[in-house]
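Have a look at structure.txt below; it lists compact mmCIF, C-alpha atoms.
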# COMPACT_ATOMS: atom_id res chain seq x y z
CA MET A 1 -0.01 16.16 -81.41
CA ASP A 2 -3.03 14.85 -83.30
CA PRO A 3 -6.08 13.09 -81.91
CA LEU A 4 -5.79 9.33 -82.26
CA LYS A 5 -8.53 7.09 -83.59
CA ILE A 6 -8.68 4.11 -81.22
CA SER A 7 -11.77 2.45 -82.67
CA GLU A 8 -14.37 3.34 -85.31
CA ASP A 9 -15.62 6.86 -84.36
CA ILE A 10 -13.80 6.82 -81.02
CA TYR A 11 -10.79 9.09 -80.50
CA TRP A 12 -8.17 9.70 -77.82
CA VAL A 13 -8.14 13.46 -77.32
CA GLY A 14 -6.01 13.64 -74.16
CA ALA A 15 -2.76 15.41 -73.38
CA VAL A 16 0.78 14.30 -72.66
CA ASP A 17 2.45 15.94 -69.64
CA TRP A 18 6.09 15.25 -70.46
CA ASN A 19 7.55 17.32 -67.66
CA ILE A 20 5.66 16.53 -64.47
CA ARG A 21 8.04 14.93 -61.97
CA ASP A 22 6.10 15.25 -58.72
CA PHE A 23 2.46 14.22 -58.80
CA HIS A 24 1.18 15.21 -55.34
CA GLY A 25 4.15 13.55 -53.71
CA TYR A 26 4.39 10.58 -56.11
CA SER A 27 7.55 10.71 -58.24
CA THR A 28 6.69 10.64 -61.93
CA TYR A 29 10.12 10.29 -63.58
CA ALA A 30 8.44 9.40 -66.88
CA GLY A 31 5.79 12.13 -66.83
CA THR A 32 2.15 11.18 -67.36
CA THR A 33 -0.81 11.62 -69.66
CA TYR A 34 -4.35 12.81 -69.00
CA ASN A 35 -6.57 10.76 -71.25
CA ALA A 36 -9.90 11.99 -72.54
CA TYR A 37 -12.01 10.29 -75.18
CA LEU A 38 -14.40 11.51 -77.87
CA ILE A 39 -17.19 9.34 -79.22
CA LEU A 40 -18.86 10.37 -82.47
CA ASP A 41 -22.45 9.20 -82.57
CA ASP A 42 -25.93 10.73 -82.85
CA HIS A 43 -25.02 12.34 -79.53
CA VAL A 44 -21.35 13.27 -79.59
CA THR A 45 -19.85 12.45 -76.20
CA LEU A 46 -16.68 13.50 -74.39
CA ILE A 47 -15.45 11.17 -71.66
CA ASP A 48 -13.41 13.01 -69.01
CA THR A 49 -11.23 16.05 -69.56
CA VAL A 50 -7.63 16.87 -68.68
CA LYS A 51 -5.70 18.92 -66.15
CA LYS A 52 -6.68 22.60 -66.38
CA GLU A 53 -3.44 23.71 -68.07
CA PHE A 54 -4.05 21.25 -70.91
CA ALA A 55 -7.68 22.18 -71.66
CA ASP A 56 -6.81 24.09 -74.83
CA GLU A 57 -4.79 21.16 -76.06
CA LEU A 58 -7.81 18.91 -75.57
CA LEU A 59 -10.08 21.32 -77.42
CA ALA A 60 -7.55 21.63 -80.27
CA LYS A 61 -7.57 17.85 -80.65
CA VAL A 62 -11.37 17.70 -80.58
CA SER A 63 -11.46 20.45 -83.24
CA LYS A 64 -9.44 18.29 -85.61
CA VAL A 65 -12.23 15.70 -85.43
CA ILE A 66 -15.39 17.78 -84.99
CA ASP A 67 -16.48 21.27 -83.98
CA PRO A 68 -16.37 21.16 -80.13
CA LYS A 69 -19.78 22.89 -80.02
CA ARG A 70 -21.24 19.67 -81.44
CA ILE A 71 -20.38 17.77 -78.24
CA ASP A 72 -23.78 16.89 -76.74
CA TYR A 73 -22.81 14.97 -73.60
CA VAL A 74 -19.93 15.11 -71.16
CA VAL A 75 -19.19 12.14 -68.93
CA SER A 76 -17.08 12.71 -65.80
CA ASN A 77 -15.85 9.37 -64.50
CA HIS A 78 -13.74 10.99 -61.78
CA THR A 79 -13.76 14.37 -60.03
CA GLU A 80 -10.04 14.70 -59.31
CA MET A 81 -8.64 17.83 -60.92
CA ASP A 82 -6.31 16.09 -63.35
CA HIS A 83 -9.49 14.86 -65.09
CA SER A 84 -12.01 17.60 -64.28
CA GLY A 85 -9.72 20.63 -64.34
CA GLY A 86 -10.46 21.18 -68.03
CA LEU A 87 -14.24 21.08 -67.49
CA ALA A 88 -14.72 24.82 -67.00
CA ARG A 89 -12.95 25.60 -70.28
CA VAL A 90 -14.72 22.78 -72.12
CA MET A 91 -18.20 23.69 -70.85
CA HIS A 92 -17.62 27.33 -71.73
CA LYS A 93 -16.71 26.29 -75.27
CA ILE A 94 -19.39 23.66 -75.92
CA GLY A 95 -22.26 25.32 -74.03
CA GLU A 96 -22.84 25.56 -70.27
CA ASP A 97 -26.26 23.88 -70.65
CA LYS A 98 -24.87 20.58 -72.00
CA PRO A 99 -25.54 17.64 -69.66
CA VAL A 100 -22.71 16.35 -67.48
CA TYR A 101 -23.15 12.67 -66.61
CA CYS A 102 -21.44 11.59 -63.40
CA SER A 103 -22.06 9.40 -60.34
CA ILE A 104 -24.17 10.72 -57.47
CA MET A 105 -20.98 11.33 -55.48
CA GLY A 106 -19.48 12.88 -58.62
CA HIS A 107 -22.34 15.39 -58.66
CA LYS A 108 -21.69 16.28 -55.00
CA ASN A 109 -17.94 16.49 -55.46
CA LEU A 110 -17.88 18.35 -58.78
CA SER A 111 -20.20 20.96 -57.23
CA LYS A 112 -17.53 21.51 -54.58
CA HIS A 113 -14.90 22.13 -57.24
CA PHE A 114 -16.90 24.31 -59.64
CA PRO A 115 -19.43 27.00 -58.74
CA GLN A 116 -21.15 26.85 -62.16
CA PRO A 117 -24.75 25.52 -62.06
CA TRP A 118 -24.12 22.87 -64.70
CA ASN A 119 -26.78 20.50 -65.93
CA TYR A 120 -25.66 17.50 -63.89
CA LYS A 121 -27.22 14.11 -64.66
CA PRO A 122 -26.25 11.80 -61.79
CA VAL A 123 -26.24 8.11 -62.74
CA LYS A 124 -26.10 4.83 -60.82
CA SER A 125 -24.54 1.46 -61.56
CA ALA A 126 -26.21 -0.28 -64.53
CA ASP A 127 -27.85 2.94 -65.76
CA GLU A 128 -27.61 3.23 -69.54
CA LEU A 129 -27.28 6.23 -71.82
CA SER A 130 -28.03 5.85 -75.51
CA LEU A 131 -25.69 7.79 -77.77
CA GLY A 132 -27.46 6.61 -80.92
CA ARG A 133 -25.79 3.54 -82.33
CA ARG A 134 -23.97 3.00 -79.06
CA THR A 135 -24.95 2.66 -75.43
CA LEU A 136 -22.91 3.74 -72.44
CA THR A 137 -23.38 1.64 -69.30
CA PHE A 138 -22.17 3.09 -66.02
CA LEU A 139 -20.60 1.19 -63.16
CA GLU A 140 -19.97 3.01 -59.89
CA THR A 141 -16.58 2.13 -58.42
CA ARG A 142 -16.73 4.10 -55.17
CA MET A 143 -13.34 4.49 -53.48
CA LEU A 144 -11.47 3.25 -56.54
CA HIS A 145 -10.07 5.59 -55.70
CA TRP A 146 -12.41 8.48 -54.79
CA PRO A 147 -16.06 8.34 -53.67
CA ASP A 148 -17.10 9.61 -57.12
CA SER A 149 -15.10 7.16 -59.26
CA MET A 150 -17.02 5.27 -61.91
CA PHE A 151 -16.45 3.28 -65.11
CA SER A 152 -18.26 3.80 -68.41
CA TYR A 153 -18.63 0.84 -70.77
CA VAL A 154 -19.57 0.80 -74.45
CA LYS A 155 -21.04 -2.63 -75.05
CA GLU A 156 -21.16 -2.33 -78.86
CA ASP A 157 -17.38 -1.76 -79.04
CA ARG A 158 -16.59 -3.69 -75.83
CA ILE A 159 -14.52 -0.77 -74.56
CA LEU A 160 -14.22 0.07 -70.88
CA PHE A 161 -13.36 3.63 -69.89
CA SER A 162 -11.92 2.83 -66.50
CA SER A 163 -11.05 6.22 -65.01
CA ASP A 164 -7.88 5.97 -62.87
CA ALA A 165 -8.02 2.16 -62.53
CA PHE A 166 -5.49 0.32 -64.72
CA GLY A 167 -3.65 3.61 -65.37
CA GLN A 168 0.04 4.39 -65.28
CA HIS A 169 2.03 7.59 -65.00
CA TYR A 170 3.90 7.31 -68.26
CA ALA A 171 4.40 9.91 -70.97
CA GLY A 172 5.55 8.52 -74.29
CA LEU A 173 4.71 8.32 -77.95
CA GLU A 174 3.15 4.90 -77.39
CA ARG A 175 -0.60 4.81 -76.79
CA PHE A 176 -1.19 1.06 -76.57
CA ASP A 177 0.13 -1.92 -74.60
CA ASP A 178 1.32 -3.68 -77.76
CA GLU A 179 3.49 -0.68 -78.66
CA ILE A 180 5.41 -0.71 -75.39
CA GLY A 181 5.21 -4.30 -74.16
CA GLU A 182 6.42 -5.39 -70.72
CA ALA A 183 8.12 -2.03 -70.10
CA ILE A 184 4.77 -0.57 -69.04
CA MET A 185 4.24 -3.02 -66.18
CA PRO A 186 6.57 -1.35 -63.63
CA HIS A 187 4.64 1.90 -64.18
CA ALA A 188 1.31 0.11 -63.71
CA LYS A 189 2.65 -1.57 -60.57
CA LYS A 190 3.85 1.72 -59.13
CA TYR A 191 0.46 3.27 -59.80
CA PHE A 192 -1.32 0.41 -58.05
CA ALA A 193 1.04 0.48 -55.05
CA ASN A 194 0.78 4.23 -54.53
CA ILE A 195 -2.82 4.98 -55.45
CA LEU A 196 -4.92 1.84 -55.10
CA LEU A 197 -3.29 -0.51 -52.60
CA LEU A 198 -5.45 0.58 -49.67
CA TYR A 199 -8.54 -0.48 -51.63
CA ALA A 200 -7.17 -3.94 -52.45
CA ASP A 201 -10.24 -5.69 -50.97
CA ARG A 202 -12.57 -3.63 -53.11
CA ILE A 203 -10.50 -4.40 -56.20
CA LEU A 204 -10.86 -8.12 -55.56
CA LYS A 205 -14.63 -7.68 -55.15
CA LEU A 206 -14.82 -5.61 -58.32
CA ALA A 207 -12.87 -8.23 -60.27
CA GLU A 208 -15.42 -10.84 -59.11
CA GLN A 209 -18.28 -8.54 -60.06
CA VAL A 210 -16.86 -7.92 -63.53
CA THR A 211 -16.40 -11.67 -64.04
CA GLU A 212 -19.99 -12.35 -62.89
CA MET A 213 -21.33 -9.66 -65.21
CA GLY A 214 -19.55 -11.42 -68.07
CA LEU A 215 -18.24 -8.07 -69.26
CA GLN A 216 -16.50 -8.58 -72.60
CA LEU A 217 -13.45 -6.38 -72.93
CA ASP A 218 -11.71 -5.67 -76.21
CA MET A 219 -10.04 -2.56 -74.83
CA ILE A 220 -9.52 -0.86 -71.47
CA CYS A 221 -9.00 2.88 -71.68
CA PRO A 222 -7.73 4.39 -68.43
CA ASP A 223 -7.30 8.08 -67.66
CA HIS A 224 -3.50 7.87 -67.49
CA GLY A 225 -0.90 6.23 -69.69
CA ILE A 226 -1.37 3.59 -72.35
CA MET A 227 -4.58 1.78 -73.36
CA TRP A 228 -4.85 -1.98 -73.04
CA ARG A 229 -6.02 -3.52 -76.33
CA LYS A 230 -3.71 -6.44 -77.04
CA ASP A 231 -4.37 -8.19 -73.76
CA PRO A 232 -6.77 -6.35 -71.41
CA ALA A 233 -6.88 -9.45 -69.18
CA LYS A 234 -3.19 -9.01 -68.43
CA ILE A 235 -3.69 -5.86 -66.38
CA ILE A 236 -6.81 -7.24 -64.66
CA ASN A 237 -4.90 -10.37 -63.65
CA ALA A 238 -1.98 -8.26 -62.45
CA TYR A 239 -4.39 -6.19 -60.30
CA VAL A 240 -5.83 -9.34 -58.74
CA GLU A 241 -2.35 -10.65 -57.98
CA TRP A 242 -1.17 -7.34 -56.52
CA ALA A 243 -4.37 -6.96 -54.49
CA ARG A 244 -3.91 -10.41 -52.91
CA GLN A 245 -0.51 -9.36 -51.51
CA ALA A 246 0.78 -12.88 -51.12
CA PRO A 247 4.07 -12.55 -49.21
CA THR A 248 7.25 -13.35 -51.12
CA ARG A 249 10.81 -14.04 -50.05
CA LYS A 250 11.71 -10.40 -50.44
CA ALA A 251 12.68 -7.94 -47.71
CA LEU A 252 13.21 -4.21 -47.72
CA VAL A 253 15.43 -2.59 -45.14
CA VAL A 254 14.24 1.00 -45.13
CA TYR A 255 16.25 3.44 -43.03
CA ASP A 256 17.85 6.80 -42.56
CA THR A 257 21.10 7.51 -40.81
CA MET A 258 23.01 10.44 -39.27
CA TRP A 259 26.58 9.13 -38.71
CA HIS A 260 26.39 5.85 -40.70
CA SER A 261 25.65 3.70 -37.64
CA THR A 262 22.03 2.86 -38.52
CA GLU A 263 23.30 2.43 -42.07
CA ALA A 264 25.89 -0.15 -40.97
CA MET A 265 23.11 -2.00 -39.15
CA ALA A 266 20.90 -1.91 -42.27
CA GLU A 267 23.66 -3.32 -44.43
CA ALA A 268 24.44 -6.08 -41.93
CA ILE A 269 20.75 -7.09 -41.86
CA VAL A 270 20.64 -7.11 -45.67
CA GLU A 271 23.82 -9.21 -45.83
CA ALA A 272 22.31 -11.84 -43.54
CA LEU A 273 19.05 -11.86 -45.50
CA GLY A 274 20.96 -12.32 -48.75
CA ARG A 275 22.83 -15.31 -47.31
CA GLN A 276 19.46 -16.88 -46.54
CA GLY A 277 18.30 -16.51 -50.13
CA VAL A 278 16.10 -13.51 -49.45
CA ASP A 279 15.85 -10.86 -52.16
CA ALA A 280 16.86 -7.93 -49.94
CA CYS A 281 17.79 -4.30 -50.48
CA PRO A 282 18.82 -1.48 -48.15
CA MET A 283 16.79 1.64 -48.97
CA HIS A 284 18.16 4.92 -47.68
CA LEU A 285 15.25 7.30 -47.30
CA ARG A 286 17.11 10.28 -48.71
CA LYS A 287 18.23 8.28 -51.78
CA TRP A 288 14.95 6.53 -52.53
CA HIS A 289 11.66 8.33 -53.10
CA ARG A 290 8.85 7.18 -50.82
CA SER A 291 6.72 6.24 -53.84
CA ASP A 292 9.48 4.00 -55.25
CA ILE A 293 9.88 2.27 -51.89
CA MET A 294 6.11 1.77 -51.77
CA THR A 295 6.25 0.02 -55.16
CA GLU A 296 8.72 -2.45 -53.67
CA VAL A 297 6.64 -2.82 -50.49
CA LEU A 298 3.79 -4.15 -52.65
CA ASP A 299 5.28 -7.61 -53.12
CA ALA A 300 7.82 -7.68 -50.28
CA GLY A 301 7.22 -10.19 -47.49
CA ALA A 302 9.10 -8.09 -44.93
CA VAL A 303 9.63 -4.39 -44.32
CA ILE A 304 12.33 -3.68 -41.74
CA VAL A 305 12.56 -0.08 -40.63
CA GLY A 306 15.57 1.66 -39.11
CA SER A 307 15.90 5.11 -37.61
CA PRO A 308 18.43 6.93 -35.50
CA THR A 309 16.94 8.69 -32.48
CA ILE A 310 17.05 12.43 -32.99
CA ASN A 311 15.76 14.87 -30.36
CA ASN A 312 14.04 11.97 -28.58
CA GLY A 313 12.11 10.99 -31.68
CA LEU A 314 12.17 9.49 -35.15
CA PHE A 315 14.29 10.85 -37.96
CA PRO A 316 11.82 12.99 -40.02
CA THR A 317 12.13 10.98 -43.26
CA VAL A 318 11.29 7.80 -41.31
CA SER A 319 8.12 9.45 -39.97
CA ASP A 320 7.28 10.53 -43.50
CA PHE A 321 7.68 7.01 -44.84
CA LEU A 322 5.76 5.37 -41.99
CA THR A 323 2.88 7.82 -42.40
CA TYR A 324 2.79 7.22 -46.15
CA MET A 325 2.96 3.43 -45.88
CA LYS A 326 0.37 3.32 -43.09
CA GLY A 327 -2.15 5.18 -45.24
CA LEU A 328 -1.72 2.70 -48.08
CA LYS A 329 -2.53 -0.22 -45.72
CA PRO A 330 -0.20 -2.97 -46.95
CA LYS A 331 -1.13 -6.45 -45.72
CA ASN A 332 0.59 -9.73 -44.79
CA LYS A 333 3.94 -8.15 -43.89
CA VAL A 334 6.60 -9.23 -41.46
CA GLY A 335 8.29 -6.30 -39.72
CA ALA A 336 11.05 -5.29 -37.32
CA ALA A 337 12.72 -2.09 -36.15
CA PHE A 338 16.33 -1.15 -35.54
CA GLY A 339 18.46 1.93 -35.02
CA SER A 340 21.44 3.58 -33.45
CA TYR A 341 21.03 6.14 -30.68
CA GLY A 342 23.13 8.33 -28.41
CA TRP A 343 21.42 8.59 -25.02
CA SER A 344 17.65 8.12 -25.05
CA GLY A 345 16.88 5.80 -27.99
CA GLU A 346 13.11 6.13 -28.47
CA ALA A 347 13.12 5.50 -32.24
CA VAL A 348 12.81 1.70 -32.16
CA LYS A 349 9.86 1.83 -29.79
CA LEU A 350 8.16 4.45 -31.97
CA ILE A 351 8.68 2.38 -35.14
CA ASN A 352 7.32 -0.72 -33.40
CA ARG A 353 4.20 1.19 -32.40
CA GLU A 354 3.59 2.23 -36.01
CA LEU A 355 4.27 -1.24 -37.44
CA GLU A 356 1.88 -2.74 -34.88
CA ALA A 357 -0.77 -0.21 -35.89
CA MET A 358 -0.26 -1.45 -39.47
CA ARG A 359 -0.78 -5.03 -38.22
CA PHE A 360 2.67 -6.14 -39.31
CA SER A 361 3.81 -9.34 -37.68
CA LEU A 362 6.82 -8.27 -35.58
CA VAL A 363 9.51 -10.94 -35.44
CA ASP A 364 11.65 -9.23 -32.83
CA PRO A 365 11.30 -6.59 -30.08
CA GLY A 366 13.75 -4.47 -32.11
CA LEU A 367 17.45 -3.83 -32.11
CA ARG A 368 19.05 -0.76 -30.56
CA VAL A 369 22.75 0.07 -30.72
CA GLN A 370 24.29 2.89 -28.70
CA TYR A 371 26.45 5.16 -30.86
CA VAL A 372 28.60 3.01 -33.17
CA PRO A 373 27.92 -0.71 -33.81
CA THR A 374 30.56 -3.13 -32.52
CA GLU A 375 31.30 -6.51 -34.04
CA GLN A 376 28.97 -7.97 -31.43
CA SER A 377 26.13 -5.65 -32.36
CA LEU A 378 26.65 -6.34 -36.06
CA GLN A 379 26.33 -10.03 -35.20
CA ALA A 380 23.00 -9.16 -33.57
CA CYS A 381 22.00 -7.52 -36.87
CA HIS A 382 22.92 -10.74 -38.70
CA ASP A 383 20.82 -12.70 -36.20
CA LEU A 384 17.91 -10.34 -36.84
CA GLY A 385 18.32 -10.91 -40.60
CA ASP A 386 18.27 -14.68 -40.05
CA LYS A 387 15.15 -14.39 -37.90
CA ILE A 388 13.36 -12.38 -40.60
CA ALA A 389 14.43 -14.91 -43.26
CA ARG A 390 12.87 -17.72 -41.19
CA ALA A 391 9.56 -15.83 -41.06
CA LEU A 392 9.38 -15.51 -44.86
CA PRO A 393 8.02 -18.10 -47.26
CA ALA A 394 10.55 -20.59 -48.64
CA ASP A 395 12.36 -19.71 -51.84
CA THR A 396 10.22 -20.97 -54.68
CA ARG A 397 12.19 -19.33 -57.46
CA GLY A 398 14.83 -22.05 -57.73
CA PRO A 399 18.59 -21.51 -57.88
CA ARG A 400 19.81 -18.03 -58.78
CA MET B 1 -24.28 6.90 -28.25
CA GLU B 2 -21.15 5.69 -29.95
CA LEU B 3 -19.39 6.82 -33.10
CA TYR B 4 -18.62 4.34 -35.86
CA VAL B 5 -15.93 4.72 -38.51
CA CYS B 6 -16.02 3.29 -42.03
CA SER B 7 -12.97 1.07 -42.52
CA VAL B 8 -13.04 1.73 -46.27
CA CYS B 9 -13.07 5.53 -46.53
CA GLY B 10 -12.77 6.84 -42.97
CA TYR B 11 -16.27 8.43 -42.79
CA VAL B 12 -17.50 8.68 -39.20
CA TYR B 13 -21.17 7.98 -38.43
CA ASP B 14 -22.18 10.32 -35.63
CA PRO B 15 -25.64 9.49 -34.20
CA THR B 16 -26.04 13.12 -33.09
CA PHE B 17 -26.36 14.11 -36.75
CA GLY B 18 -27.68 10.87 -38.26
CA ASP B 19 -27.63 10.74 -42.07
CA PRO B 20 -30.53 13.00 -43.11
CA ASP B 21 -29.58 12.88 -46.83
CA ASN B 22 -30.45 9.20 -46.68
CA GLY B 23 -33.48 9.41 -44.43
CA VAL B 24 -31.77 8.73 -41.11
CA GLU B 25 -33.00 11.09 -38.39
CA PRO B 26 -30.56 12.79 -36.02
CA GLY B 27 -30.34 10.80 -32.79
CA THR B 28 -30.39 7.37 -34.49
CA ALA B 29 -27.88 4.96 -32.92
CA PHE B 30 -25.65 3.04 -35.32
CA GLU B 31 -27.24 -0.22 -34.13
CA ASP B 32 -30.65 1.11 -35.17
CA LEU B 33 -29.65 1.91 -38.74
CA PRO B 34 -31.46 -0.32 -41.25
CA ASP B 35 -29.40 -3.31 -42.46
CA GLU B 36 -29.44 -1.99 -46.01
CA TRP B 37 -27.95 1.37 -44.93
CA THR B 38 -24.57 1.98 -46.54
CA CYS B 39 -21.79 4.47 -45.99
CA PRO B 40 -22.95 7.75 -47.57
CA VAL B 41 -19.42 8.42 -48.83
CA CYS B 42 -18.26 5.13 -50.27
CA GLY B 43 -21.18 2.71 -50.21
CA ALA B 44 -19.59 0.25 -47.76
CA SER B 45 -22.03 -1.95 -45.83
CA LYS B 46 -22.67 -1.66 -42.07
CA GLU B 47 -20.36 -4.61 -41.35
CA GLU B 48 -17.43 -2.56 -42.59
CA PHE B 49 -17.86 -0.05 -39.74
CA THR B 50 -16.07 -0.30 -36.41
CA LYS B 51 -16.64 1.48 -33.12
CA THR B 52 -14.40 4.47 -32.52
CA ASN B 53 -13.94 7.24 -29.99

Show this structure as structure tokens.
Amino acid sequence: MDPLKISEDIYWVGAVDWNIRDFHGYSTYAGTTYNAYLILDDHVTLIDTVKKEFADELLAKVSKVIDPKRIDYVVSNHTEMDHSGGLARVMHKIGEDKPVYCSIMGHKNLSKHFPQPWNYKPVKSADELSLGRRTLTFLETRMLHWPDSMFSYVKEDRILFSSDAFGQHYAGLERFDDEIGEAIMPHAKKYFANILLLYADRILKLAEQVTEMGLQLDMICPDHGIMWRKDPAKIINAYVEWARQAPTRKALVVYDTMWHSTEAMAEAIVEALGRQGVDACPMHLRKWHRSDIMTEVLDAGAVIVGSPTINNGLFPTVSDFLTYMKGLKPKNKVGAAFGSYGWSGEAVKLINRELEAMRFSLVDPGLRVQYVPTEQSLQACHDLGDKIARALPADTRGPR
Amino acid sequence: MELYVCSVCGYVYDPTFGDPDNGVEPGTAFEDLPDEWTCPVCGASKEEFTKTN
């Protein structure tokens, strides 16, 4: 694959990872890309690298534009290894003495990944670096999503290199939003829900800051997926909306089951929710990947969790999901627990404890059914569904 | 003296160690940190810290 000119003297020199399907526990059915960018100027500059295995591919792309030894500056917007892994190979090729520009935290964190005594040049927000005809301005974006994360902005071309923000795990032949259209949005949403949701408050602050700075954006170039050139505001507005987490009339009934009893309860709850005009779906934890459920959690008003009691505790996949969701800190959710049990029945209490720790608003003390649900207990599941529906905002989408 | 945790990144301020990289001597209570002190990991302000055990 060739390098791609994205603007005058600016090239995409990243790599497409067609085959990755599990990105540290996040399902990447469509693969991903590691984006790196080359700016030709008086001082030739490389922004970010790629995952280690793709370093030669990056260098081959650079070579089609310019001799890699002519790279003068390297900018590391993010330390994570899918963007810094190629650094060792790149520095070896271009010269170990070349300056590496990164945030102060980037300096600390890169040093803990690489033993080489590179010529680090730590920068702060608003610091500028002249490349010749162009100027790079840095903006620290700590915890979006690592302490070292930062943005680099080229004011002359109005291009923002945004590191992981605004990225998507998507491998394709398309490189730009206008080439793929709306089909990219579910990937962007999944990325937000699984990587950035816990920093929603900081995203809202950053959006305000960017607006106050009057940053003009003709293009946003993230480190994964497509670049936003047709309508960069679209992804910023989507981030603001996702970060606000306004509850909708949507409920997820997330569960696992051993002998179909908790499953029957889940389906009864979903049936009742559906009758009340709630967009509801039962999500079996061994049929749905945790990262796909999390994408749906993002705009759901309610997350109802069901688990059988096994060995006096939660079913393991339910623990997995609760741990994962808790870490991503979703807000403004209604919750409830349910589950079938044989003799002790601790699962509901354990789910409630976790949902309370996540500050979900619990609409019910939880529903337990011993062994197999009867008609009466399925009616209780319907009642629980009705109760959840009443706690959700009214249907504003009109008739369906 | 009590420990304080950063609600943004999870960093724990331990007064026993202070924050010497940023000029805070060991033994400095959280309450005595200057108002402009920020989380050494993520830059969050003092208000974003809560007491922890």

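The gap separating atom CA of B:Thr50 from atom CA of B:Thr38 is 13.4 Å, in Å to one decimal.
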
Could you name the residues that touch stretch 216-227 of chain A at 7 Å or less, counting only C-alpha atoms, but leaving out those on the same chain fewer than 2 positions away, as a PyMOL selection string? chain A and resi 32-36+158-171+174-177+214+229+232

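Note that the spacing between atom CA of A:Asn77 and atom CA of A:Tyr101 amounts to 8.3 Å.
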
Kindly provide, as a ChimeraX atom specification, the residues of chain B having any atom no farther than 7 Å from an atom of chain A, counting all atoms listed in the file. /B:41-43

Using only C-alpha atoms for the distances, tell me which of A:Tyr191, A:Asp292, A:Met265, A:Thr317 is nearest to A:Gln376. A:Met265

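Note that atom CA of A:Ile94 and atom CA of A:Met150 are 23.2 Å apart.
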
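If you count all atoms listed in the file and ignore residues fewer than 2 places along the chain from B:Trp37, what sits within 10 Å of it is Asp19, Asn22, Gly23, Val24, Leu33, Pro34, Asp35, Cys39, Pro40, Gly43, Ala44, Ser45 and Lys46 of chain B.
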
Considering all atoms listed in the file, return as a PyMOL selection string whatever protein or nucleic-acid residues lie within 9 Å of B:Asp14, sequence-local ones (same chain, fewer than 3 positions apart) excluded. chain B and resi 1-5+17-19+26-30

Which residues are near A:Ser340? Cut-off 9 Å, only C-alpha atoms, ignore same chain within fewer than 5 positions. Put them as a PyMOL selection string. chain A and resi 257+261-263+265+306-309+345+347-348+367-373

Report as a PDB file with C-alpha atoms, in the frame of the given file all protein, DNA and RNA residues lying within 7 Å of A:Lys333, evaluated on all atoms listed in the file, omitting residues in the same chain fewer than 5 positions from it.
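Output (result_13.pdb):
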ATOM      1  CA  PRO A 247       4.070 -12.550 -49.210  1.00  0.00           C
ATOM      2  CA  GLY A 301       7.220 -10.190 -47.490  1.00  0.00           C
ATOM      3  CA  ALA A 302       9.100  -8.090 -44.930  1.00  0.00           C
ATOM      4  CA  VAL A 303       9.630  -4.390 -44.320  1.00  0.00           C
ATOM      5  CA  PHE A 360       2.670  -6.140 -39.310  1.00  0.00           C
ATOM      6  CA  SER A 361       3.810  -9.340 -37.680  1.00  0.00           C
TER       7      SER A 361
END

Emit as JSON the padded axis-aligned box for all listed atoms of stretch 15-24 of chain B, 8 Å per side, with centre and edge lengths in Å to one decimal.
{"center_x": -29.6, "center_y": 11.4, "center_z": -40.0, "size_x": 23.8, "size_y": 21.4, "size_z": 29.7}

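Restricting the calculation to only C-alpha atoms, the smallest distance between A:Gly172 and any of A:Leu196, A:Leu392, A:Ala15, A:Ala300 is found for A:Ala15.
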